[in-house]
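Presented below is the structure to which this report refers.
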Amino acid sequence: MILAIDWDASNNRLDITFATDSELTRLRSAIVISLFTDARVPDAEVPDGEQNRGWWGDYDQTQSMGSRLWLLARAKITADTINAARDYVRDATQWLVDAGRLLAITVTVERLDRERLAYQLDCQLPSGTWEKIVMEQSYDV
């Protein structure tokens, strides 16, 4: 058993859990951290009334840790929001392919209801097999 980072969709927060030490557990933890930690963005992208998030050491927004999903926290779930979420998820997880941890990753975002989106990540492992990881997130509409 190892400590793993997991996503608690019912409370919209990260959680530490005990899990079996496996390639899939490590992959899931990496994806959770990539999606649900906030990346810094250029000041022009910060919504009015918000402060820029993310790690202050990310002075170069081209390599910021985390995702820009936080920019959508108060957005109505429209086709544009779904497309932005898909792009943000893809951008946040591309490092897994660039680092050779995955051969490919395909992202699908689906609206579940008025306040929730589901992110499906189809991940091709170095062995060539595919694993599907699905996560949900609620939005303050």
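Naming scheme: A, B, ... for chains in displayed order of the structure tokens; residues 1 onward per chain; ligands 1 onward as shown.
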Might you pull out every residue within 10 Å of stretch 131-138 of chain A, with only C-alpha atoms counted and same-chain residues fewer than 4 positions away left off, and present them as number ranges by chain? A: 6-13, 24, 27-28, 31-32, 35-36, 69, 73-74, 105-125
Pick out the residues sitting within 12 Å of A:Ser29, and hand them over as a VMD selection string; count only C-alpha atoms, and ignore anything fewer than 3 positions along from it in its own chain. chain A and resid 2 to 7 14 to 26 32 to 37 93 96 133 135
Could you please take those selected residues and save C-alpha atoms as a compact mmCIF listing (two decimals), in the first residue's frame?
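Written file, selection.txt:
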# COMPACT_ATOMS: atom_id res chain seq x y z
CA ILE A 2 1.05 3.55 -0.73
CA LEU A 3 -0.37 7.00 -0.06
CA ALA A 4 -2.10 8.27 -3.18
CA ILE A 5 -3.63 11.59 -4.13
CA ASP A 6 -7.25 11.19 -5.17
CA TRP A 7 -10.11 13.49 -6.14
CA LEU A 14 -8.04 16.59 -3.14
CA ASP A 15 -7.81 13.70 -0.72
CA ILE A 16 -5.01 11.43 0.47
CA THR A 17 -5.91 7.75 0.43
CA PHE A 18 -4.22 4.39 0.83
CA ALA A 19 -4.05 2.49 -2.44
CA THR A 20 -2.35 -0.48 -4.02
CA ASP A 21 1.06 0.43 -5.42
CA SER A 22 0.49 0.05 -9.15
CA GLU A 23 1.15 1.86 -12.39
CA LEU A 24 -2.52 2.84 -12.52
CA THR A 25 -2.48 4.27 -8.98
CA ARG A 26 0.58 6.38 -9.79
CA VAL A 32 -5.41 14.33 -10.13
CA ILE A 33 -2.52 16.63 -9.23
CA SER A 34 -2.30 17.90 -12.82
CA LEU A 35 -6.01 18.70 -13.05
CA PHE A 36 -6.94 19.87 -9.59
CA THR A 37 -4.04 22.08 -8.62
CA THR A 93 -1.84 16.35 -18.79
CA LEU A 96 2.69 12.82 -19.22
CA ILE A 133 -9.82 7.45 -16.06
CA MET A 135 -13.36 12.27 -12.92
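Using only C-alpha atoms, the protein and nucleic acid residues lying no more than 12 Å from A:Trp70, apart from those fewer than 5 places from it along its own chain, are A:Asn12, A:Leu35, A:Phe36, A:Thr37, A:Asp38, A:Ala39, A:Arg40, A:Val41, A:Glu45, A:Val46, A:Pro47, A:Glu50, A:Gln51, A:Asn52, A:Arg53, A:Gly54, A:Ala75, A:Thr81, A:Ala84, A:Ala85, A:Tyr88, A:Val89, A:Gln137, A:Ser138, A:Tyr139, A:Asp140.
Running DSSP on the backbone gives strand (DSSP E or B) for these residues within stretch 16-56 of chain A: A:Ile16, A:Thr17, A:Phe18, A:Ala19, A:Asp38.
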In chain A, DSSP alpha helix (DSSP H) residues written as number ranges by chain: A: 23-36, 79-98
